[in-house]
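Everything below belongs to protein-v2.csv, which stores CSV, C-alpha atoms and all ligand atoms.
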chain,number,residue,atom,x,y,z
A,18,MET,CA,19.8,-26.9,-19.4
A,19,ALA,CA,19.4,-30.7,-18.6
A,20,GLN,CA,22.7,-32.6,-18.8
A,21,LYS,CA,23.2,-34.0,-22.3
A,22,THR,CA,24.6,-37.4,-22.9
A,23,VAL,CA,27.4,-37.3,-25.5
A,24,LEU,CA,29.0,-40.3,-27.2
A,25,ILE,CA,32.3,-39.7,-29.0
A,26,THR,CA,34.4,-42.1,-31.1
A,27,GLY,CA,38.2,-42.2,-31.4
A,28,CYS,CA,39.1,-40.5,-28.1
A,29,SER,CA,42.6,-42.0,-27.6
A,30,SER,CA,44.2,-39.0,-29.2
A,31,GLY,CA,43.8,-35.7,-31.1
A,32,ILE,CA,40.4,-34.1,-31.8
A,33,GLY,CA,38.3,-36.9,-30.1
A,34,LEU,CA,40.4,-36.6,-27.0
A,35,ALA,CA,40.2,-32.8,-27.0
A,36,ILE,CA,36.4,-32.8,-27.4
A,37,ALA,CA,35.9,-35.4,-24.7
A,38,ALA,CA,38.1,-33.4,-22.3
A,39,LYS,CA,36.5,-30.1,-23.1
A,40,LEU,CA,33.0,-31.4,-22.5
A,41,ALA,CA,33.9,-33.4,-19.4
A,42,ARG,CA,35.6,-30.4,-17.8
A,43,ASP,CA,32.6,-28.0,-18.6
A,44,GLU,CA,32.2,-25.9,-15.4
A,45,GLN,CA,28.4,-26.0,-15.8
A,46,LYS,CA,28.4,-29.8,-16.0
A,47,ARG,CA,26.2,-29.7,-19.1
A,48,PHE,CA,27.5,-32.9,-20.5
A,49,LYS,CA,27.8,-36.6,-19.5
A,50,VAL,CA,30.5,-37.9,-21.9
A,51,TYR,CA,31.0,-41.4,-23.1
A,52,ALA,CA,34.5,-41.2,-24.5
A,53,THR,CA,35.1,-44.3,-26.6
A,54,MET,CA,38.3,-45.8,-28.2
A,55,ARG,CA,39.0,-49.1,-30.0
A,56,ASN,CA,42.0,-49.9,-27.8
A,57,LEU,CA,41.5,-49.2,-24.0
A,58,ALA,CA,45.3,-49.6,-23.5
A,59,LYS,CA,45.5,-46.1,-25.0
A,60,GLN,CA,43.4,-44.3,-22.4
A,61,ASP,CA,46.2,-42.8,-20.3
A,62,ASP,CA,46.4,-39.4,-22.2
A,63,LEU,CA,42.6,-39.0,-21.9
A,64,ILE,CA,42.7,-39.8,-18.2
A,65,ALA,CA,45.5,-37.3,-17.7
A,66,ALA,CA,43.5,-34.6,-19.6
A,67,THR,CA,40.4,-35.2,-17.5
A,68,GLU,CA,41.8,-35.7,-14.0
A,69,GLY,CA,39.1,-35.6,-11.4
A,70,TYR,CA,36.3,-35.9,-14.0
A,71,LEU,CA,36.5,-39.7,-14.7
A,72,GLY,CA,33.5,-41.5,-13.2
A,73,LYS,CA,31.7,-38.1,-12.8
A,74,THR,CA,31.1,-36.3,-16.1
A,75,MET,CA,33.0,-38.8,-18.2
A,76,GLU,CA,33.3,-42.6,-18.7
A,77,ILE,CA,35.6,-44.4,-21.0
A,78,LYS,CA,34.3,-47.3,-23.1
A,79,GLU,CA,35.6,-49.5,-25.8
A,80,MET,CA,34.3,-49.1,-29.4
A,81,ASP,CA,35.8,-50.1,-32.7
A,82,VAL,CA,33.8,-48.4,-35.5
A,83,CYS,CA,34.8,-51.1,-37.9
A,84,CYS,CA,32.9,-53.7,-35.8
A,85,GLU,CA,29.1,-53.8,-35.5
A,86,ASP,CA,29.2,-56.0,-32.3
A,87,SER,CA,31.6,-53.6,-30.7
A,88,ILE,CA,29.3,-50.6,-31.5
A,89,ARG,CA,26.2,-52.5,-30.3
A,90,ASN,CA,27.8,-53.6,-27.0
A,91,CYS,CA,28.9,-50.1,-26.3
A,92,VAL,CA,25.7,-48.3,-27.1
A,93,SER,CA,23.7,-50.9,-25.2
A,94,SER,CA,25.8,-50.3,-22.1
A,95,ILE,CA,24.6,-46.7,-21.9
A,96,PRO,CA,21.6,-46.2,-19.7
A,97,ASP,CA,18.4,-46.6,-21.8
A,98,ARG,CA,20.8,-46.4,-24.8
A,99,HIS,CA,20.0,-42.7,-24.6
A,100,ILE,CA,22.4,-40.5,-26.6
A,101,ASP,CA,21.6,-36.8,-27.1
A,102,ILE,CA,24.7,-36.0,-29.1
A,103,LEU,CA,26.7,-38.4,-31.1
A,104,VAL,CA,30.1,-37.4,-32.3
A,105,SER,CA,31.5,-39.4,-35.1
A,106,ASN,CA,35.2,-38.6,-35.0
A,107,ALA,CA,37.3,-41.8,-35.5
A,108,GLY,CA,39.2,-41.6,-38.7
A,109,VAL,CA,42.4,-42.6,-40.5
A,110,GLY,CA,44.4,-40.9,-43.3
A,111,LEU,CA,46.2,-42.1,-46.4
A,112,ILE,CA,48.5,-40.2,-48.7
A,113,GLY,CA,50.5,-41.0,-51.8
A,114,PRO,CA,50.2,-42.0,-55.4
A,115,ILE,CA,47.4,-44.5,-55.8
A,116,GLU,CA,49.7,-46.8,-57.8
A,117,CYS,CA,51.6,-47.4,-54.6
A,118,GLN,CA,48.6,-48.1,-52.3
A,119,THR,CA,46.9,-51.4,-52.1
A,120,ILE,CA,43.2,-51.8,-52.4
A,121,GLU,CA,43.2,-53.2,-48.8
A,122,GLU,CA,44.7,-50.0,-47.5
A,123,MET,CA,42.1,-48.0,-49.4
A,124,LYS,CA,39.3,-50.2,-48.1
A,125,THR,CA,40.5,-49.6,-44.5
A,126,VAL,CA,40.1,-45.8,-45.0
A,127,MET,CA,36.6,-46.2,-46.4
A,128,ASP,CA,35.7,-48.8,-43.8
A,129,THR,CA,36.7,-46.5,-40.9
A,130,ASN,CA,35.9,-43.0,-42.2
A,131,PHE,CA,32.7,-43.8,-44.1
A,132,PHE,CA,31.3,-47.2,-43.1
A,133,GLY,CA,32.3,-46.4,-39.4
A,134,LEU,CA,29.8,-43.5,-39.5
A,135,VAL,CA,27.2,-45.7,-41.3
A,136,ARG,CA,27.5,-48.5,-38.7
A,137,LEU,CA,27.3,-46.0,-35.8
A,138,LEU,CA,24.1,-44.4,-37.2
A,139,LYS,CA,22.4,-47.8,-38.0
A,140,GLU,CA,22.8,-48.5,-34.3
A,141,THR,CA,21.8,-45.1,-32.8
A,142,LEU,CA,19.5,-43.4,-35.4
A,143,PRO,CA,16.4,-45.6,-34.6
A,144,ASP,CA,16.5,-44.5,-30.9
A,145,MET,CA,16.9,-40.8,-31.8
A,146,LYS,CA,14.1,-41.0,-34.3
A,147,ARG,CA,11.8,-42.6,-31.7
A,148,ARG,CA,12.6,-39.9,-29.2
A,149,LYS,CA,12.5,-37.2,-31.9
A,150,SER,CA,15.6,-35.6,-30.5
A,151,GLY,CA,19.3,-35.9,-31.1
A,152,HIS,CA,22.3,-34.1,-32.7
A,153,ILE,CA,24.7,-36.0,-34.9
A,154,VAL,CA,28.0,-34.2,-35.1
A,155,ILE,CA,30.5,-35.6,-37.7
A,156,ILE,CA,34.1,-34.6,-37.9
A,157,SER,CA,34.5,-34.4,-41.6
A,158,SER,CA,37.2,-32.2,-43.3
A,159,VAL,CA,37.7,-29.5,-45.8
A,160,MET,CA,38.7,-32.5,-47.9
A,161,GLY,CA,35.1,-33.4,-47.8
A,162,ILE,CA,34.5,-30.3,-50.0
A,163,GLN,CA,37.6,-30.2,-52.1
A,164,GLY,CA,40.1,-32.8,-53.1
A,165,ILE,CA,43.8,-32.2,-52.5
A,166,LEU,CA,46.9,-33.6,-54.3
A,167,PHE,CA,47.9,-37.1,-53.1
A,168,ASN,CA,44.9,-37.4,-50.8
A,169,ASP,CA,42.6,-39.1,-53.4
A,170,VAL,CA,41.2,-41.9,-51.3
A,171,TYR,CA,41.0,-40.0,-48.0
A,172,ALA,CA,39.2,-37.1,-49.8
A,173,ALA,CA,36.9,-39.7,-51.4
A,174,SER,CA,36.0,-41.1,-47.9
A,175,LYS,CA,35.2,-37.6,-46.6
A,176,PHE,CA,33.2,-36.8,-49.8
A,177,ALA,CA,31.2,-40.0,-49.1
A,178,VAL,CA,30.6,-38.8,-45.6
A,179,GLU,CA,29.3,-35.5,-46.8
A,180,GLY,CA,27.0,-36.9,-49.5
A,181,PHE,CA,25.6,-39.4,-47.1
A,182,CYS,CA,24.9,-36.7,-44.5
A,183,GLU,CA,23.4,-34.3,-47.0
A,184,SER,CA,20.9,-37.0,-47.9
A,185,LEU,CA,20.2,-38.1,-44.4
A,186,ALA,CA,19.8,-34.5,-43.1
A,187,ILE,CA,16.6,-34.1,-45.1
A,188,GLN,CA,15.0,-37.2,-43.5
A,189,ALA,CA,16.4,-36.2,-40.1
A,190,LEU,CA,14.5,-32.9,-40.2
A,191,LYS,CA,11.3,-34.8,-40.3
A,192,PHE,CA,12.3,-36.3,-36.9
A,193,LYS,CA,13.6,-33.0,-35.5
A,194,LEU,CA,17.1,-34.3,-35.5
A,195,HIS,CA,20.1,-32.2,-36.4
A,196,LEU,CA,23.2,-33.1,-38.3
A,197,SER,CA,26.4,-31.0,-38.3
A,198,LEU,CA,29.5,-31.6,-40.3
A,199,ILE,CA,32.6,-30.1,-38.7
A,200,GLU,CA,35.1,-29.4,-41.4
A,201,PRO,CA,38.6,-28.7,-40.1
A,202,GLY,CA,41.6,-27.8,-42.3
A,203,PRO,CA,45.0,-29.1,-41.2
A,204,VAL,CA,45.1,-30.0,-37.5
A,205,VAL,CA,48.2,-30.9,-35.6
A,206,THR,CA,47.5,-34.3,-34.1
A,207,GLU,CA,48.8,-37.9,-34.3
A,208,PHE,CA,47.0,-38.1,-37.6
A,209,GLU,CA,49.4,-35.7,-39.2
A,210,ARG,CA,52.4,-37.5,-37.7
A,211,LYS,CA,51.2,-41.0,-38.7
A,212,VAL,CA,50.3,-40.0,-42.2
A,213,PHE,CA,53.6,-38.2,-42.8
A,214,GLU,CA,55.6,-41.1,-41.4
A,215,ASP,CA,53.7,-43.6,-43.6
A,216,GLY,CA,54.3,-41.3,-46.6
A,217,MET,CA,58.1,-41.2,-45.9
A,218,LYS,CA,58.2,-45.0,-45.7
A,219,MET,CA,56.1,-45.6,-48.8
A,220,ASP,CA,57.5,-47.8,-51.5
A,221,LEU,CA,57.3,-45.6,-54.6
A,222,SER,CA,58.6,-48.2,-57.0
A,223,ALA,CA,55.2,-48.7,-58.6
A,224,ALA,CA,55.0,-45.1,-59.6
A,225,ASP,CA,56.7,-43.4,-62.6
A,226,LYS,CA,59.6,-41.1,-61.8
A,227,GLU,CA,57.7,-37.9,-62.3
A,228,THR,CA,54.9,-38.9,-59.9
A,229,ALA,CA,57.3,-40.2,-57.3
A,230,ASP,CA,59.3,-37.0,-57.5
A,231,MET,CA,56.2,-34.9,-57.2
A,232,PHE,CA,55.1,-36.8,-54.1
A,233,THR,CA,58.6,-36.7,-52.4
A,234,ASN,CA,59.9,-33.3,-53.5
A,235,ILE,CA,56.7,-31.2,-53.6
A,236,TYR,CA,54.1,-32.9,-51.4
A,237,LEU,CA,56.1,-34.3,-48.6
A,238,LYS,CA,58.6,-31.4,-48.7
A,239,ASN,CA,55.8,-28.9,-48.0
A,240,TYR,CA,53.7,-31.1,-45.7
A,241,LYS,CA,55.2,-29.9,-42.4
A,242,SER,CA,55.2,-26.3,-43.5
A,243,ILE,CA,51.5,-26.4,-44.4
A,244,PHE,CA,50.6,-27.8,-41.0
A,245,GLN,CA,52.9,-25.3,-39.2
A,246,SER,CA,51.4,-22.3,-41.0
A,247,LEU,CA,47.7,-23.3,-41.5
A,248,GLY,CA,47.4,-25.9,-38.8
A,249,GLN,CA,45.0,-25.6,-35.8
A,250,THR,CA,45.2,-27.4,-32.5
A,251,ALA,CA,42.8,-30.1,-31.6
A,252,GLU,CA,41.7,-27.9,-28.7
A,253,ASP,CA,40.7,-25.2,-31.3
A,254,VAL,CA,38.5,-27.7,-33.1
A,255,ALA,CA,37.0,-28.9,-29.8
A,256,GLU,CA,36.1,-25.3,-29.0
A,257,HIS,CA,34.3,-24.9,-32.3
A,258,THR,CA,32.6,-28.3,-31.9
A,259,MET,CA,31.3,-27.4,-28.4
A,260,LYS,CA,29.9,-24.1,-29.7
A,261,ILE,CA,28.0,-26.0,-32.5
A,262,MET,CA,26.6,-28.4,-29.9
A,263,LEU,CA,25.4,-25.6,-27.8
A,264,SER,CA,23.8,-23.6,-30.6
A,265,GLU,CA,20.0,-23.6,-30.7
A,266,ASN,CA,19.9,-24.1,-34.5
A,267,PRO,CA,23.2,-25.9,-35.3
A,268,PRO,CA,24.4,-25.3,-38.9
A,269,PHE,CA,24.7,-28.3,-41.2
A,270,ARG,CA,28.3,-27.3,-42.2
A,271,HIS,CA,30.9,-25.6,-40.1
A,272,GLN,CA,34.5,-24.9,-41.2
A,273,THR,CA,36.8,-24.4,-38.2
A,274,ASN,CA,39.8,-22.7,-40.0
A,275,THR,CA,39.2,-19.2,-41.5
A,276,LEU,CA,42.7,-19.4,-43.1
A,277,TYR,CA,41.5,-22.2,-45.3
A,278,THR,CA,38.0,-20.8,-46.2
A,279,PRO,CA,39.2,-18.9,-49.3
A,280,MET,CA,40.3,-22.3,-50.8
A,281,THR,CA,36.9,-24.0,-50.3
A,282,THR,CA,35.1,-20.9,-51.5
A,283,LEU,CA,36.6,-21.5,-55.0
A,284,LYS,CA,34.6,-24.6,-55.3
A,285,TYR,CA,31.3,-22.7,-54.9
A,286,ALA,CA,32.5,-19.8,-57.1
A,287,ASP,CA,32.7,-22.0,-60.3
A,288,PRO,CA,29.9,-24.4,-61.2
A,289,ASN,CA,32.2,-26.0,-63.8
A,290,GLY,CA,34.6,-27.0,-61.1
A,291,ASP,CA,37.7,-25.8,-63.0
A,292,LEU,CA,38.6,-22.9,-60.8
A,293,PRO,CA,39.8,-24.8,-57.7
A,294,ILE,CA,41.6,-27.4,-59.8
A,295,ASP,CA,43.4,-24.7,-61.8
A,296,THR,CA,44.2,-22.7,-58.7
A,297,PHE,CA,45.7,-25.6,-56.9
A,298,TYR,CA,47.6,-26.6,-60.0
A,299,LYS,CA,49.1,-23.1,-60.3
A,300,MET,CA,49.9,-22.9,-56.6
A,301,VAL,CA,51.7,-26.2,-56.6
A,302,PHE,CA,53.4,-26.3,-60.0
A,303,GLN,CA,53.8,-22.7,-61.2
A,304,HIS,CA,53.7,-20.4,-58.3
A,305,ASP,CA,55.4,-22.6,-55.7
A,306,LYS,CA,57.8,-19.8,-54.6
A,307,ILE,CA,54.9,-17.4,-53.9
A,308,PHE,CA,52.9,-20.3,-52.3
A,309,ASN,CA,55.9,-21.0,-49.9
A,310,ALA,CA,56.4,-17.3,-49.2
A,311,SER,CA,52.7,-17.0,-48.3
A,312,LEU,CA,53.0,-20.0,-46.0
A,313,ASN,CA,56.0,-18.4,-44.3
A,314,PHE,CA,54.2,-15.1,-44.0
A,315,ILE,CA,51.2,-16.7,-42.4
A,316,LYS,CA,53.5,-18.6,-40.0
A,317,LEU,CA,55.2,-15.3,-39.1
A,318,LEU,CA,51.9,-13.6,-38.5
A,319,ARG,CA,50.6,-16.4,-36.3
A,320,TRP,CA,53.9,-16.5,-34.4
A,321,ARG,CA,53.7,-12.7,-33.8
A,322,SER,CA,50.0,-12.8,-32.7
A,323,LYS,CA,50.9,-15.7,-30.3
A,324,LYS,CA,53.8,-13.7,-29.0
A,325,SER,CA,51.7,-10.6,-28.3
A,326,PHE,CA,49.0,-12.9,-26.7
A,327,ASP,CA,51.6,-14.5,-24.5
A,328,LEU,CA,53.0,-11.1,-23.5
A,329,GLY,CA,49.5,-10.2,-22.3
A,330,LYS,CA,49.5,-13.0,-19.8
A,331,PRO,CA,50.7,-12.4,-16.2
A,332,GLN,CA,54.3,-13.4,-16.0
A,333,PRO,CA,55.2,-16.1,-13.5
A,334,GLN,CA,57.1,-14.6,-10.5
B,401,LIG,N1,44.4,-33.9,-38.2
B,401,LIG,C1,43.9,-33.3,-39.3
B,401,LIG,O1,44.6,-32.6,-40.0
B,401,LIG,C2,42.4,-33.5,-39.6
B,401,LIG,C3,41.8,-32.5,-40.5
B,401,LIG,C4,40.5,-32.6,-40.8
B,401,LIG,C5,39.8,-33.7,-40.3
B,401,LIG,N2,40.4,-34.6,-39.5
B,401,LIG,C6,39.5,-35.7,-39.0
B,401,LIG,O2,39.5,-35.6,-37.6
B,401,LIG,C7,39.2,-36.9,-37.0
B,401,LIG,C8,40.1,-37.2,-35.9
B,401,LIG,O3,41.5,-37.2,-36.4
B,401,LIG,P1,42.7,-36.6,-35.5
B,401,LIG,O4,43.3,-35.6,-36.3
B,401,LIG,O5,42.3,-36.4,-34.1
B,401,LIG,O6,43.7,-37.9,-35.6
B,401,LIG,P2,44.2,-39.0,-34.5
B,401,LIG,O7,44.8,-38.2,-33.3
B,401,LIG,O8,45.0,-40.0,-35.2
B,401,LIG,O9,42.8,-39.6,-33.9
B,401,LIG,C9,42.1,-40.5,-34.7
B,401,LIG,C10,41.3,-41.4,-33.7
B,401,LIG,O10,40.5,-42.3,-34.4
B,401,LIG,C11,40.7,-43.6,-33.9
B,401,LIG,N3,40.4,-44.7,-34.7
B,401,LIG,C12,41.0,-45.1,-35.9
B,401,LIG,N4,40.3,-46.2,-36.4
B,401,LIG,C13,39.4,-46.5,-35.5
B,401,LIG,C14,38.4,-47.5,-35.4
B,401,LIG,N5,38.3,-48.5,-36.3
B,401,LIG,N6,37.5,-47.5,-34.4
B,401,LIG,C15,37.6,-46.6,-33.4
B,401,LIG,N7,38.5,-45.6,-33.4
B,401,LIG,C16,39.4,-45.6,-34.4
B,401,LIG,C17,42.2,-43.6,-33.4
B,401,LIG,O11,42.4,-44.7,-32.5
B,401,LIG,P3,43.8,-45.4,-32.4
B,401,LIG,O12,44.6,-44.6,-31.5
B,401,LIG,O13,43.5,-46.7,-31.8
B,401,LIG,O14,44.4,-45.5,-33.8
B,401,LIG,C18,42.2,-42.2,-32.8
B,401,LIG,O15,41.6,-42.3,-31.5
B,401,LIG,C19,39.3,-37.9,-38.2
B,401,LIG,O16,38.0,-38.2,-38.7
B,401,LIG,C20,40.1,-37.1,-39.3
B,401,LIG,O17,39.7,-37.5,-40.6
B,401,LIG,C21,41.7,-34.5,-39.1
Translate this structure into structure tokens?
Ligand SMILES: NC(=O)c1ccc[n+]([C@@H]2O[C@H](COP(=O)([O-])OP(=O)(O)OC[C@H]3O[C@@H](n4cnc5c(N)ncnc54)[C@H](OP(=O)(O)O)[C@@H]3O)[C@@H](O)[C@H]2O)c1
Amino acid sequence: MAQKTVLITGCSSGIGLAIAAKLARDEQKRFKVYATMRNLAKQDDLIAATEGYLGKTMEIKEMDVCCEDSIRNCVSSIPDRHIDILVSNAGVGLIGPIECQTIEEMKTVMDTNFFGLVRLLKETLPDMKRRKSGHIVIISSVMGIQGILFNDVYAASKFAVEGFCESLAIQALKFKLHLSLIEPGPVVTEFERKVFEDGMKMDLSAADKETADMFTNIYLKNYKSIFQSLGQTAEDVAEHTMKIMLSENPPFRHQTNTLYTPMTTLKYADPNGDLPIDTFYKMVFQHDKIFNASLNFIKLLRWRSKKSFDLGKPQPQ
């Protein structure tokens, strides 16, 4: 297989960093990675994760997905502007009651998560269409399929991504291009930490007492536990993403977390849309004890399977 040129956005941490490192370290050297980030001062973790590969199978470049000039400069610096696989990963989160969020904060989420992808494609799609080859891989989310309590604007941004891609995928077929939406559930990255910290610091005075209590005493209280029990690592998501890149007929949608699949299935099971909303409502407000017990049970199962996996490894002497 000829070496594929891959451009990835948001590689300073988390999933973007893990995908860049995984592809750059590929033993068969099947990828030439352009790992981009908006702030090059944050490149140390990526350099550490790709020691010996920088300047060979990987280069680091600056790109802010909220700035058209930055995208154009970066894409134009790639030989012949040739990108085989584009990974749109950069994203930001936002949680909390909408009464306590400013429109500016909401616009930043849409500008990064949705318009970031649009800007990127406006710059790269014409080249791909001309060459009649290319694979566009988008790190979406299960929240692009189903909304979650207190994630209203973030889910809206991922729904926008999914709707946009569903429309574009039809046209892309005509040019022999592939689009794949990677839909992780919770992933333990900087994202989780930043979003939680912002939630803890949030000024809730604009919300009524019941809403503020719900956010603090139900949502934030369970936040860590959900990530601990259902959360994947960024490396897991990178592994899934690489498999999708290597498949001959890449799927349009791919969920990375089987623990989460039953929740998204509810959406497809009821055309009226009530089933997932009722189920989430009951889980959060009526069966919270069962919900928490289930999370603890999943955590225990995962801990036990990790333990037996670790026991299988040769022990250091
Ligand atoms: N973590 C989860 O639970 C989860 C679940 C499903 C989907 N996702 C999606 O996965 C993607 C990656 O998130 P992550 O979990 O890896 O979080 P992360 O560790 O916070 O990484 C996000 C990356 O996006 C970058 N970024 C933000 N705004 C940008 C901009 N304007 N231009 C270029 N880069 C920008 C960040 O750069 P800075 O370091 O400069 O901020 C960082 O490199 C996101 O699209 C997110 O929505 C995450």
Would you mind listing what lies within 12 Å of range 274-281 of chain A as an MDAnalysis selection string, with all atoms listed in the file counted and same-chain residues fewer than 4 positions away left out? chainID A and resid 158:165 199:204 243:244 246:251 253:254 256:257 285:287 290 292:297 300 311:312 315:316 318:319
Find the nearest atom pair between each residue of chain A and ligand LIG 401 (chain B) for residues within 7 Å, count all atoms listed in the file, give distances in Å to one decimal, sort rows by chain and ascending number, and present the table as a Markdown table.
| residue | atom | partner | partner_atom | distance |
| --- | --- | --- | --- | --- |
| A:Thr26 | CA | B:LIG401 | N7 | 5.9 |
| A:Gly27 | CA | B:LIG401 | O15 | 3.4 |
| A:Cys28 | CA | B:LIG401 | O15 | 4.6 |
| A:Ser29 | CA | B:LIG401 | O15 | 4.0 |
| A:Ser30 | CA | B:LIG401 | O7 | 4.2 |
| A:Gly31 | CA | B:LIG401 | O5 | 3.4 |
| A:Ile32 | CA | B:LIG401 | O5 | 3.8 |
| A:Gly33 | CA | B:LIG401 | O5 | 5.7 |
| A:Met54 | CA | B:LIG401 | N7 | 5.2 |
| A:Arg55 | CA | B:LIG401 | C15 | 4.4 |
| A:Asn56 | CA | B:LIG401 | O13 | 5.3 |
| A:Lys59 | CA | B:LIG401 | O12 | 6.7 |
| A:Met80 | CA | B:LIG401 | C15 | 5.8 |
| A:Asp81 | CA | B:LIG401 | N6 | 3.5 |
| A:Val82 | CA | B:LIG401 | N6 | 4.0 |
| A:Cys83 | CA | B:LIG401 | N5 | 4.6 |
| A:Asn106 | CA | B:LIG401 | O16 | 4.7 |
| A:Ala107 | CA | B:LIG401 | O10 | 3.4 |
| A:Gly108 | CA | B:LIG401 | O16 | 3.6 |
| A:Val109 | CA | B:LIG401 | C12 | 5.4 |
| A:Gly110 | CA | B:LIG401 | O17 | 6.4 |
| A:Thr129 | CA | B:LIG401 | N5 | 5.3 |
| A:Asn130 | CA | B:LIG401 | O16 | 6.3 |
| A:Ile156 | CA | B:LIG401 | O16 | 5.4 |
| A:Ser157 | CA | B:LIG401 | C5 | 5.5 |
| A:Ser158 | CA | B:LIG401 | C4 | 4.2 |
| A:Val159 | CA | B:LIG401 | C4 | 6.5 |
| A:Glu200 | CA | B:LIG401 | C4 | 6.3 |
| A:Pro201 | CA | B:LIG401 | C4 | 4.4 |
| A:Gly202 | CA | B:LIG401 | C3 | 5.0 |
| A:Pro203 | CA | B:LIG401 | O1 | 3.7 |
| A:Val204 | CA | B:LIG401 | O1 | 3.6 |
| A:Val205 | CA | B:LIG401 | N1 | 5.5 |
| A:Thr206 | CA | B:LIG401 | O7 | 4.8 |
| A:Glu207 | CA | B:LIG401 | O7 | 4.1 |
| A:Phe208 | CA | B:LIG401 | O8 | 3.7 |
| A:Glu209 | CA | B:LIG401 | N1 | 5.4 |
| A:Ala251 | CA | B:LIG401 | O5 | 6.8 |
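Interatomic distance, CA of Thr74 in chain A to CA of Val50 in chain A: 6.0 Å.
Relative to CA of Leu111 in chain A, CA of Arg210 in chain A is found at 11.6 Å.
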Work out how far CA of Met217 in chain A is from CA of Tyr171 in chain A, in Å to one decimal. 17.3 Å
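Between Asp220 in chain A and the candidates A:Phe192, A:Thr273, A:Arg89, A:Thr233, the tightest atom-to-atom separation, counting all atoms listed in the file, involves A:Thr233.
You can rank A:Asp215, A:Asp230, A:Glu85, A:Asp97 by their closest distance to Phe132 in chain A using only C-alpha atoms, and at the top of that list sits A:Glu85.
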Nearest residue to Met127 in chain A from the set A:Glu214, A:Asp43, A:Asp169, A:Asp62 (distances using all atoms listed in the file): A:Asp169
Fewer than 2 positions away in the same chain doesn't count, so skip those; otherwise give me all residues within 10 Å of Ile64 in chain A, counting all atoms listed in the file, as a PyMOL selection string. chain A and resi 29+34+38+59-62+66-71+75-77
When you count all atoms listed in the file, which of these residues is closest to Met219 in chain A: A:Glu116, A:Asp86, A:Glu44, A:Asp128? A:Glu116
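Excluding Glu179 in chain A itself and same-chain residues fewer than 3 positions from it, the residues having an atom within 9 Å of it are Ser157, Gly161, Ile162, Ser174, Lys175, Phe176, Cys182, Glu183, Ser184 and Leu198 of chain A, counting all atoms listed in the file.
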Restricted to N, CA and C atoms, what does range 270-281 of chain A look like when written out as a short mmCIF file (atom, residue, chain, number, x, y, z; two decimals), in the first residue's frame?
data_model
loop_
_atom_site.label_atom_id
_atom_site.label_comp_id
_atom_site.auth_asym_id
_atom_site.auth_seq_id
_atom_site.Cartn_x
_atom_site.Cartn_y
_atom_site.Cartn_z
N ARG A 270 -20.87 5.50 9.68
CA ARG A 270 -20.89 5.75 11.13
C ARG A 270 -20.17 4.62 11.84
N HIS A 271 -19.43 4.98 12.89
CA HIS A 271 -18.80 3.94 13.69
C HIS A 271 -18.77 4.37 15.15
N GLN A 272 -19.47 3.62 16.01
CA GLN A 272 -19.42 3.89 17.45
C GLN A 272 -18.27 3.10 18.05
N THR A 273 -17.50 3.73 18.92
CA THR A 273 -16.30 3.08 19.45
C THR A 273 -16.55 2.36 20.77
N ASN A 274 -17.71 2.61 21.40
CA ASN A 274 -17.90 2.10 22.76
C ASN A 274 -19.13 1.20 22.84
N THR A 275 -18.92 -0.11 22.91
CA THR A 275 -20.06 -1.04 22.90
C THR A 275 -20.91 -0.90 24.17
N LEU A 276 -20.29 -0.40 25.26
CA LEU A 276 -21.07 -0.21 26.49
C LEU A 276 -22.15 0.84 26.30
N TYR A 277 -21.92 1.73 25.35
CA TYR A 277 -22.85 2.84 25.14
C TYR A 277 -23.91 2.52 24.09
N THR A 278 -23.64 1.52 23.25
CA THR A 278 -24.52 1.24 22.11
C THR A 278 -26.00 1.04 22.49
N PRO A 279 -26.31 0.34 23.61
CA PRO A 279 -27.74 0.17 23.93
C PRO A 279 -28.48 1.50 24.06
N MET A 280 -27.78 2.55 24.51
CA MET A 280 -28.44 3.85 24.69
C MET A 280 -28.78 4.47 23.34
N THR A 281 -27.85 4.41 22.39
CA THR A 281 -28.12 5.03 21.09
C THR A 281 -29.13 4.20 20.28
#
